[in-house]
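Novice: Take a look at this one; I'll ask things after.
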Number of protein chains: 2
Amino acid sequence: MSVTAAQGFRAAGATAGLKVSGASDVALVTNDGPDRHVAAVFTSNRVEAAPVTWSRQVVSDGRADAVFLNSGGANACTGARGFQDAHRTAELVAATLGVSATDVVVCSTGLIGEYLPMDRIEAGIRLTAAGLSAEAGQAAARAIMTTDSVPKEAVVTGDGWTVGGMAKGAGMLAPGLATMLCVLTTDAVADAADLDAALRAATATTFDRVDSDGCMSTNDTVVLLASGASGVRVEPVALTAALTRVCGDLSRQLVADAEGASHEIAVEVRSAATEADAVEVARSVTRSNLFKAAIFGADPNWGRVLAAVGTTTAAFDPALLDVEINGVQVCRAATVGDDRSLVDLTPREVRVVVDLHAGTATATVWTNDLTHDYVHENSAYSS
Amino acid sequence: MSVTAAQGFRAAGATAGLKVSGASDVALVTNDGPDRHVAAVFTSNRVEAAPVTWSRQVVSDGRADAVFLNSGGANACTGARGFQDAHRTAELVAATLGVSATDVVVCSTGLIGEYLPMDRIEAGIRLTAAGLSAEAGQAAARAIMTTDSVPKEAVVTGDGWTVGGMAKGAGMLAPGLATMLCVLTTDAVADAADLDAALRAATATTFDRVDSDGCMSTNDTVVLLASGASGVRVEPVALTAALTRVCGDLSRQLVADAEGASHEIAVEVRSAATEADAVEVARSVTRSNLFKAAIFGADPNWGRVLAAVGTTTAAFDPALLDVEINGVQVCRAATVGDDRSLVDLTPREVRVVVDLHAGTATATVWTNDLTHDYVHENSAYSS
């Protein structure tokens, strides 16, 4: 169901021939109203793809009727021609649906530095527009996959209203800069400003805390469409909570499906002076290649955790640091703790807890291990 | 010759049994004067090893008589006992040489989180003190190796004076957090303050611009001893130039010997607004796992270069960025440039040039590619 779980939405997935594999590669999601509110967050990479530049303009007035997405090509670093292609895509979708091009969000994912084959995109628009249905959520979710092994969908229902969503993220450890695309839909009645605030709050503690390899895509986009079709007005707090659950669910699915990974690693930082400190420390650990390679090797190498913590500017006394790996306190007060051979790293899920003894804030960042398959995926094929 | 090339220095390397392999693992360098000046730079990791904490104190008054180094154990994250062991090491060396413990620098490299076997360290001190000679520079350089395949030595001679040095850095891409230890010696006559300034200037543009995997060791130390034995007073500019040549030579040797690496990559950033901007951009590229994996795969993936550039705060217009890989301008004005298939990535040396079109500053940062062997080295053995 995903993006078509809420009332007022239709979707479609189709094969336009962008992927060599012949798998479906274009998707369309439409908002049939009565509201056509939109909110979105985009990559903060200054080298942004043409569809991101285009879509920023589209959502700036808070209204959008549709989202068109393609896999098989990022349309990034494609200059003026790339922007014209994104614009042209929106115009073709708009003409087909009878809406304004300035209300059509466009998302792309794939190889950087290649132009989109616009004849195939055009054919894909016709196919998806013809296939729109309230039952095609999963077909759309499949069409945006790149090296994802399964489509990612999530739904949360409120009292008479629903939030649904789909995401792709070849995930964290796969080729293509791990572009993350996500379309969320809700039939809740809410103001555009509340939707925007709720989306930003939800992504800040979910998608923003999944860190594959420290590499930021040129194409990342999370877009939320609101139809108001339930007739139920939802308060900001409830809306934020529902969006956070859906985004959290989807972001965990990205980590779980990360190609090449053999472990999902949650790095939890406790007793930080501020949440920002906790996030900085957790992110430093999740970006340590040495730590991530150690986890791949089932080695509870807490020294590499401390070394990563030590490079941050967070408030803490280095002499007080504790580290726990899968329940074993391997490091106590920055020195040797319990026997590291007690740590069982055979399960796919790994939990590392760093205690800063500096306050009461906490945060968790998710990542994967650094494996032979990661290197293979990212070196053997141009992507 | 290395650390014994300049007049007034003796050195020794010996086997204390710290390494399972049975290779030599302790080294001693002594300054026989007449000057006993010292300057040093240490890791900026807040989780610093006990010998770093000890040695910071030793060099704070600008005087040192000797440097004792061990491989086979980092003595990091070893708490009060670790500090006592570093202190005890200095006392034993001092007693043997007839100098003050507060004038003995101590350096360690190896696994974090294990205590040093002090009986073996003590035996190693006796062996090295007994073996001191003006011809044992290379024996010392061999004894500090961990996964280095060759000892690293360099010598630059001035008009009647000399700077020599040895370094170990399993390098960049090897186990053990890539601890970098370097001992430099000179017989130039110079003030302690000038020596300190010259060392900081030299390391800032050499060792500080070699970035293996973004992981900062708890033990990194570069120490310079000056004997004044040549009787030649050397001006700061000439001293800085000579030190920069020796440090540059040694840092390039570290990159060349990086285990697991198949390419040495120089990322040169041109036309930056400031040198700091140039360094920030170059470092962002050298820390991109996706870029480094692409080079391993002989894929001139300039999109991954631009994506890394885009995450920085340096001054530039994203639409103006150029990227050249091994002489082929694969990206011009942030879009598709010359045919990427023209790029030859079979040589071990790779040069990536990023032109920011934002000023006149430039900087180069060196790294290696991300390979299967890197993952193997850092996951298959606890280190």
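We name chains A, B, ... following the order of the structure tokens; residues begin at 1 in each chain, and ligands are numbered from 1 as shown.
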Residues within 9 Å of range 73-79 of chain A, please, as an MDAnalysis selection string. Count only C-alpha atoms; anything in the same chain fewer than 2 positions from it doesn't count.
Specialist: (chainID A and resid 18:19 47:51 70:71 81:86 107:117 176 179 218:219) or (chainID B and resid 303 306 319 331 333:336)
Novice: Export, as a short mmCIF file (atom, residue, chain, number, x, y, z; two decimals), in the first residue's frame, the selected residues with C-alpha atoms.
Specialist:
data_model
loop_
_atom_site.label_atom_id
_atom_site.label_comp_id
_atom_site.auth_asym_id
_atom_site.auth_seq_id
_atom_site.Cartn_x
_atom_site.Cartn_y
_atom_site.Cartn_z
CA LEU A 18 16.32 3.20 -18.35
CA LYS A 19 17.73 0.16 -16.57
CA VAL A 47 26.63 19.96 -5.87
CA GLU A 48 22.96 19.13 -6.27
CA ALA A 49 21.29 17.25 -9.09
CA ALA A 50 19.06 19.06 -11.60
CA PRO A 51 15.82 17.47 -10.28
CA ASN A 70 13.09 7.65 -12.21
CA SER A 71 15.86 5.21 -11.40
CA ARG A 81 20.85 20.51 -20.33
CA GLY A 82 20.16 18.49 -17.21
CA PHE A 83 18.02 21.23 -15.72
CA GLN A 84 16.10 21.53 -19.00
CA ASP A 85 15.52 17.76 -18.89
CA ALA A 86 14.13 17.96 -15.34
CA CYS A 107 13.32 12.86 -8.44
CA SER A 108 16.12 10.88 -10.09
CA THR A 109 18.61 8.26 -8.95
CA GLY A 110 21.44 6.52 -10.77
CA LEU A 111 24.83 7.34 -12.27
CA ILE A 112 26.12 10.91 -12.00
CA GLY A 113 27.32 12.72 -15.11
CA GLU A 114 25.11 11.21 -17.77
CA TYR A 115 22.15 12.76 -19.54
CA LEU A 116 18.68 11.23 -19.24
CA PRO A 117 17.34 9.55 -22.39
CA GLY A 176 25.51 5.26 -6.64
CA THR A 179 20.91 8.25 -3.06
CA THR A 218 23.62 14.88 -4.83
CA ASN A 219 20.01 13.67 -5.16
CA GLY B 303 30.82 12.43 -9.99
CA LEU B 306 32.18 16.51 -7.14
CA ALA B 319 28.54 25.52 -11.48
CA CYS B 331 34.48 17.40 -15.83
CA ALA B 333 32.06 23.58 -15.46
CA ALA B 334 30.44 20.91 -13.27
CA THR B 335 29.24 18.86 -16.19
CA VAL B 336 30.44 16.21 -18.61
#
Novice: Range 64-254 of chain A: which residues are strand (DSSP E) by DSSP, as JSON, numbers by chain?
Specialist: {"A": [66, 67, 68, 69, 70, 71, 104, 105, 106, 107, 108, 109, 152, 153, 154, 155, 156, 157, 162, 163, 164, 165, 166, 167, 168, 169, 180, 181, 182, 183, 184, 185, 186, 221, 222, 223, 224, 225, 226]}
Novice: So that I have them on file, write out the residues from the current selection with N, CA, C and O atoms, as a compact mmCIF listing (two decimals), in the first residue's frame.
Specialist:
# COMPACT_ATOMS: atom_id res chain seq x y z
N ALA A 66 1.86 16.25 -7.96
CA ALA A 66 2.41 14.94 -8.31
C ALA A 66 3.91 14.88 -8.09
O ALA A 66 4.59 15.92 -8.04
N VAL A 67 4.41 13.65 -7.96
CA VAL A 67 5.85 13.40 -7.89
C VAL A 67 6.17 12.35 -8.95
O VAL A 67 5.57 11.27 -8.96
N PHE A 68 7.11 12.67 -9.84
CA PHE A 68 7.57 11.70 -10.83
C PHE A 68 8.99 11.32 -10.48
O PHE A 68 9.82 12.19 -10.19
N LEU A 69 9.27 10.01 -10.47
CA LEU A 69 10.60 9.54 -10.08
C LEU A 69 11.16 8.57 -11.12
O LEU A 69 10.41 7.77 -11.69
N ASN A 70 12.46 8.67 -11.36
CA ASN A 70 13.09 7.65 -12.21
C ASN A 70 14.34 7.10 -11.55
O ASN A 70 15.07 7.82 -10.87
N SER A 71 14.57 5.81 -11.73
CA SER A 71 15.86 5.21 -11.40
C SER A 71 16.59 5.03 -12.73
O SER A 71 16.06 5.35 -13.78
N VAL A 104 4.82 19.92 -10.13
CA VAL A 104 5.28 18.54 -10.31
C VAL A 104 6.72 18.39 -9.79
O VAL A 104 7.66 18.96 -10.35
N VAL A 105 6.85 17.62 -8.71
CA VAL A 105 8.16 17.32 -8.14
C VAL A 105 8.81 16.21 -8.99
O VAL A 105 8.12 15.29 -9.43
N VAL A 106 10.13 16.35 -9.22
CA VAL A 106 10.86 15.35 -10.01
C VAL A 106 12.04 14.82 -9.19
O VAL A 106 12.75 15.60 -8.56
N CYS A 107 12.20 13.49 -9.17
CA CYS A 107 13.32 12.86 -8.44
C CYS A 107 14.02 11.87 -9.36
O CYS A 107 13.37 11.15 -10.11
N SER A 108 15.34 11.82 -9.28
CA SER A 108 16.12 10.88 -10.09
C SER A 108 17.17 10.19 -9.24
O SER A 108 17.67 10.76 -8.28
N THR A 109 17.54 8.97 -9.64
CA THR A 109 18.61 8.26 -8.95
C THR A 109 19.33 7.36 -9.95
O THR A 109 18.71 6.75 -10.82
N LYS A 152 10.86 -0.77 -0.08
CA LYS A 152 10.68 -0.32 1.30
C LYS A 152 9.38 0.46 1.40
O LYS A 152 9.22 1.50 0.75
N GLU A 153 8.48 -0.01 2.26
CA GLU A 153 7.19 0.64 2.45
C GLU A 153 6.85 0.67 3.93
O GLU A 153 7.27 -0.22 4.68
N ALA A 154 6.08 1.66 4.33
CA ALA A 154 5.64 1.72 5.73
C ALA A 154 4.32 2.48 5.80
O ALA A 154 4.06 3.37 4.99
N VAL A 155 3.50 2.11 6.77
CA VAL A 155 2.20 2.77 6.97
C VAL A 155 1.94 2.90 8.47
O VAL A 155 2.20 1.96 9.22
N VAL A 156 1.46 4.05 8.89
CA VAL A 156 1.01 4.25 10.26
C VAL A 156 -0.38 4.84 10.19
O VAL A 156 -0.62 5.79 9.43
N THR A 157 -1.31 4.27 10.96
CA THR A 157 -2.68 4.79 10.92
C THR A 157 -3.02 5.49 12.23
O THR A 157 -2.69 5.01 13.31
N THR A 162 -4.19 8.55 8.01
CA THR A 162 -3.09 7.63 7.69
C THR A 162 -1.87 8.37 7.15
O THR A 162 -2.02 9.39 6.47
N VAL A 163 -0.69 7.84 7.49
CA VAL A 163 0.55 8.29 6.84
C VAL A 163 1.18 7.05 6.22
O VAL A 163 1.32 6.02 6.89
N GLY A 164 1.52 7.14 4.94
CA GLY A 164 2.19 6.02 4.27
C GLY A 164 3.43 6.53 3.58
O GLY A 164 3.60 7.74 3.38
N GLY A 165 4.31 5.60 3.19
CA GLY A 165 5.50 6.06 2.50
C GLY A 165 6.26 4.95 1.82
O GLY A 165 6.07 3.77 2.11
N MET A 166 7.10 5.36 0.87
CA MET A 166 8.02 4.42 0.22
C MET A 166 9.39 5.09 0.16
O MET A 166 9.49 6.31 0.16
N ALA A 167 10.43 4.27 0.13
CA ALA A 167 11.79 4.80 0.06
C ALA A 167 12.65 3.86 -0.74
O ALA A 167 12.35 2.67 -0.88
N LYS A 168 13.73 4.40 -1.29
CA LYS A 168 14.77 3.58 -1.89
C LYS A 168 16.10 4.12 -1.36
O LYS A 168 16.25 5.31 -1.13
N GLY A 169 17.01 3.22 -1.15
CA GLY A 169 18.31 3.63 -0.72
C GLY A 169 19.09 2.39 -0.89
O GLY A 169 19.00 1.46 -0.12
N MET A 180 19.10 8.57 -1.52
CA MET A 180 17.94 8.17 -0.77
C MET A 180 16.76 9.00 -1.27
O MET A 180 16.80 10.22 -1.23
N LEU A 181 15.75 8.31 -1.80
CA LEU A 181 14.53 8.98 -2.22
C LEU A 181 13.39 8.44 -1.38
O LEU A 181 13.32 7.25 -1.11
N CYS A 182 12.51 9.33 -0.96
CA CYS A 182 11.37 8.91 -0.14
C CYS A 182 10.17 9.77 -0.47
O CYS A 182 10.28 11.00 -0.53
N VAL A 183 9.05 9.11 -0.70
CA VAL A 183 7.78 9.83 -0.90
C VAL A 183 6.83 9.42 0.21
O VAL A 183 6.61 8.23 0.44
N LEU A 184 6.32 10.41 0.92
CA LEU A 184 5.37 10.18 2.01
C LEU A 184 4.03 10.79 1.63
O LEU A 184 3.99 11.83 0.97
N THR A 185 2.95 10.14 2.05
CA THR A 185 1.62 10.69 1.77
C THR A 185 0.79 10.63 3.03
O THR A 185 0.93 9.72 3.84
N THR A 186 -0.12 11.60 3.17
CA THR A 186 -1.06 11.55 4.29
C THR A 186 -2.38 12.18 3.86
O THR A 186 -2.39 13.10 3.04
N THR A 221 16.20 13.18 -1.52
CA THR A 221 14.94 13.93 -1.45
C THR A 221 13.93 13.16 -0.61
O THR A 221 13.77 11.96 -0.78
N VAL A 222 13.29 13.86 0.31
CA VAL A 222 12.15 13.31 1.04
C VAL A 222 11.00 14.28 0.83
O VAL A 222 11.10 15.46 1.18
N VAL A 223 9.93 13.80 0.21
CA VAL A 223 8.81 14.69 -0.10
C VAL A 223 7.53 14.15 0.53
O VAL A 223 7.29 12.95 0.53
N LEU A 224 6.75 15.04 1.11
CA LEU A 224 5.49 14.69 1.78
C LEU A 224 4.34 15.39 1.08
O LEU A 224 4.33 16.61 0.93
N LEU A 225 3.36 14.58 0.65
CA LEU A 225 2.15 15.13 0.02
C LEU A 225 0.98 14.94 0.99
O LEU A 225 0.84 13.88 1.60
N ALA A 226 0.14 15.96 1.14
CA ALA A 226 -1.01 15.87 2.04
C ALA A 226 -2.29 16.20 1.27
O ALA A 226 -2.39 17.26 0.65
Novice: So what do you get for CA of Ala314 in chain A versus CA of Ala266 in chain A, distance-wise?
Specialist: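 Going from CA of Ala314 in chain A over to CA of Ala266 in chain A covers 19.1 Å.
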Novice: Could you give me, as a PyMOL selection string, the residues within 7 Å of Val285 in chain A, counting only C-alpha atoms and dropping anything in the same chain fewer than 5 positions from it?
Specialist: chain A and resi 305+308-309
Novice: Could you take the residues named above and write them with N, CA and C atoms, as a PDB file, in the first residue's frame?
Specialist:
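Heads up, here's the output in out03.pdb:
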ATOM      1  N   VAL A 305      36.826   2.583  18.711  1.00  0.00           N
ATOM      2  CA  VAL A 305      35.682   3.417  19.099  1.00  0.00           C
ATOM      3  C   VAL A 305      36.195   4.653  19.840  1.00  0.00           C
ATOM      4  N   ALA A 308      37.876   7.216  17.682  1.00  0.00           N
ATOM      5  CA  ALA A 308      36.927   8.029  16.909  1.00  0.00           C
ATOM      6  C   ALA A 308      36.260   9.070  17.806  1.00  0.00           C
ATOM      7  N   VAL A 309      35.927   8.685  19.013  1.00  0.00           N
ATOM      8  CA  VAL A 309      35.315   9.632  19.964  1.00  0.00           C
ATOM      9  C   VAL A 309      36.278  10.790  20.236  1.00  0.00           C
TER      10      VAL A 309
END
Novice: Residues at most 10 Å from Asp344 in chain B, counting only C-alpha atoms, excluding those fewer than 3 positions away in the same chain, as a ChimeraX atom specification?
Specialist: /B:298-300,325-328,340-341,347,350
Novice: Produce a file of the selected residues containing C-alpha atoms, as an mmCIF file, in the first residue's frame.
Specialist:
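As a result, out.cif now contains:
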data_model
loop_
_atom_site.group_PDB
_atom_site.id
_atom_site.type_symbol
_atom_site.label_atom_id
_atom_site.label_comp_id
_atom_site.auth_asym_id
_atom_site.auth_seq_id
_atom_site.Cartn_x
_atom_site.Cartn_y
_atom_site.Cartn_z
ATOM 1 C CA ALA B 298 40.203 1.949 -12.161
ATOM 2 C CA ASP B 299 36.996 3.944 -12.638
ATOM 3 C CA PRO B 300 37.573 7.706 -13.217
ATOM 4 C CA ILE B 325 42.057 12.859 -13.539
ATOM 5 C CA ASN B 326 45.517 11.842 -14.740
ATOM 6 C CA GLY B 327 45.586 14.694 -17.225
ATOM 7 C CA VAL B 328 42.113 14.205 -18.718
ATOM 8 C CA ARG B 340 36.369 9.435 -19.304
ATOM 9 C CA SER B 341 37.514 6.335 -21.135
ATOM 10 C CA PRO B 347 49.726 3.404 -13.016
ATOM 11 C CA VAL B 350 46.985 8.972 -9.618
#
Novice: My list of candidates is A:Leu239, A:Val267, A:Leu254, A:Ala40. Which is closest to Val354 in chain A when distances are computed with only C-alpha atoms?
Specialist: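 Nearest to Val354 in chain A: A:Val267.
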Novice: So how many Å separate CA of Val232 in chain A and CA of Ala188 in chain A, to one decimal?
Specialist: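 One can read the CA of Val232 in chain A to CA of Ala188 in chain A distance as 5.7 Å.
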Novice: With DSSP run on the backbone, what are the alpha helix (DSSP H) residues within range 158-336 of chain A? I'd like them as a PyMOL selection string.
Specialist: chain A and resi 192-204+236-256+275-286+289-296+302-309
Novice: What is the CA of Ala278 in chain A-CA of Glu324 in chain A distance in Å, reported with one decimal?
Specialist: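 Atom-to-atom, CA of Ala278 in chain A to CA of Glu324 in chain A, that is 15.5 Å.
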Novice: Hey, what's within 12 Å of Val365 in chain A if we count only C-alpha atoms and toss same-chain stuff fewer than 5 positions away? As a count of residues only, please?
Specialist: 38
Novice: Excluding range 21-31 of chain B and residues on its chain fewer than 5 positions from it, collect all residues at most 9 Å away from it, counting only C-alpha atoms, and give them as an MDAnalysis selection string.
Specialist: chainID B and resid 3:4 8:16 36:37 64:72 93 97 121 124:125 127:129 132 137 139:146 183 185 225:227
Novice: Output C-alpha atoms for every residue in that selection, as a PDB file, in the first residue's frame.
Specialist:
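Wrote it out as selection17.pdb, contents follow:
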ATOM      1  CA  VAL B   3      68.594   9.566  12.513  1.00  0.00           C
ATOM      2  CA  THR B   4      72.347   9.084  12.823  1.00  0.00           C
ATOM      3  CA  GLY B   8      76.001  14.083  17.696  1.00  0.00           C
ATOM      4  CA  PHE B   9      73.517  11.227  17.474  1.00  0.00           C
ATOM      5  CA  ARG B  10      73.632   7.523  18.177  1.00  0.00           C
ATOM      6  CA  ALA B  11      70.878   4.985  17.805  1.00  0.00           C
ATOM      7  CA  ALA B  12      70.063   1.311  18.269  1.00  0.00           C
ATOM      8  CA  GLY B  13      67.375  -1.213  17.395  1.00  0.00           C
ATOM      9  CA  ALA B  14      66.859  -4.479  19.257  1.00  0.00           C
ATOM     10  CA  THR B  15      64.483  -7.362  19.854  1.00  0.00           C
ATOM     11  CA  ALA B  16      62.689  -7.314  23.187  1.00  0.00           C
ATOM     12  CA  ARG B  36      69.948  19.018  23.684  1.00  0.00           C
ATOM     13  CA  HIS B  37      67.105  20.949  22.077  1.00  0.00           C
ATOM     14  CA  ALA B  64      65.493  16.091  25.682  1.00  0.00           C
ATOM     15  CA  ASP B  65      68.442  13.687  25.720  1.00  0.00           C
ATOM     16  CA  ALA B  66      66.837  10.624  24.199  1.00  0.00           C
ATOM     17  CA  VAL B  67      63.837   9.034  22.523  1.00  0.00           C
ATOM     18  CA  PHE B  68      62.850   5.451  23.304  1.00  0.00           C
ATOM     19  CA  LEU B  69      60.360   3.778  20.998  1.00  0.00           C
ATOM     20  CA  ASN B  70      58.586   0.424  20.999  1.00  0.00           C
ATOM     21  CA  SER B  71      56.413  -1.340  18.479  1.00  0.00           C
ATOM     22  CA  GLY B  72      54.198  -4.266  19.477  1.00  0.00           C
ATOM     23  CA  VAL B  93      66.233   4.708  30.053  1.00  0.00           C
ATOM     24  CA  LEU B  97      72.073   6.657  30.155  1.00  0.00           C
ATOM     25  CA  ILE B 121      60.597  -3.328  27.846  1.00  0.00           C
ATOM     26  CA  GLY B 124      64.875  -3.896  25.525  1.00  0.00           C
ATOM     27  CA  ILE B 125      66.228  -0.783  27.190  1.00  0.00           C
ATOM     28  CA  LEU B 127      69.852  -4.066  24.797  1.00  0.00           C
ATOM     29  CA  THR B 128      69.428  -0.778  22.957  1.00  0.00           C
ATOM     30  CA  ALA B 129      71.554   1.208  25.369  1.00  0.00           C
ATOM     31  CA  LEU B 132      74.064   2.539  20.640  1.00  0.00           C
ATOM     32  CA  GLY B 137      70.140   4.516  12.156  1.00  0.00           C
ATOM     33  CA  ALA B 139      68.466  -0.707  12.756  1.00  0.00           C
ATOM     34  CA  ALA B 140      66.393   1.802  14.732  1.00  0.00           C
ATOM     35  CA  ALA B 141      64.184   2.493  11.707  1.00  0.00           C
ATOM     36  CA  ARG B 142      63.559  -1.249  11.324  1.00  0.00           C
ATOM     37  CA  ALA B 143      62.681  -1.720  14.982  1.00  0.00           C
ATOM     38  CA  ILE B 144      59.781   0.743  14.859  1.00  0.00           C
ATOM     39  CA  MET B 145      58.104  -0.954  11.876  1.00  0.00           C
ATOM     40  CA  THR B 146      54.723  -2.590  12.385  1.00  0.00           C
ATOM     41  CA  VAL B 183      62.153  10.938  14.845  1.00  0.00           C
ATOM     42  CA  THR B 185      67.655  14.787  14.105  1.00  0.00           C
ATOM     43  CA  LEU B 225      66.255  16.537  18.340  1.00  0.00           C
ATOM     44  CA  ALA B 226      68.959  19.158  17.701  1.00  0.00           C
ATOM     45  CA  SER B 227      72.573  18.661  18.790  1.00  0.00           C
TER      46      SER B 227
END
Novice: Which one is closest to chain A: B:Ala273, B:Leu320, B:Cys215, B:Ala193? Count only C-alpha atoms.
Specialist: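 Of the candidates, the smallest distance to chain A is held by B:Cys215.
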Novice: Measuring between only C-alpha atoms, which one of A:Asp369, A:Asp355, A:Asp338, A:Glu377 shows the shortest distance to Ala294 in chain B?
Specialist: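 Checking each candidate against Ala294 in chain B, we get A:Glu377 as the closest.
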Novice: Fewer than 6 positions away in the same chain doesn't count, so skip those; otherwise give me all residues within 9 Å of Arg200 in chain A, counting only C-alpha atoms, as a list in words.
Specialist: Ala39, Ala40, Val41 and Thr240 of chain A
Novice: Looking at B:Trp161, B:Phe42, B:Phe316, B:Trp366, which one is nearest to Leu199 in chain B, with distances taken over only C-alpha atoms?
Specialist: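 The shortest atom-to-atom distance to Leu199 in chain B comes from B:Phe42.
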Novice: Which one of A:Ala198, A:Ala258, A:Met216, A:Val38 sits closest to chain B if you count only C-alpha atoms?
Specialist: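 Looking only at the distances to chain B, the closest residue turns out to be A:Met216.
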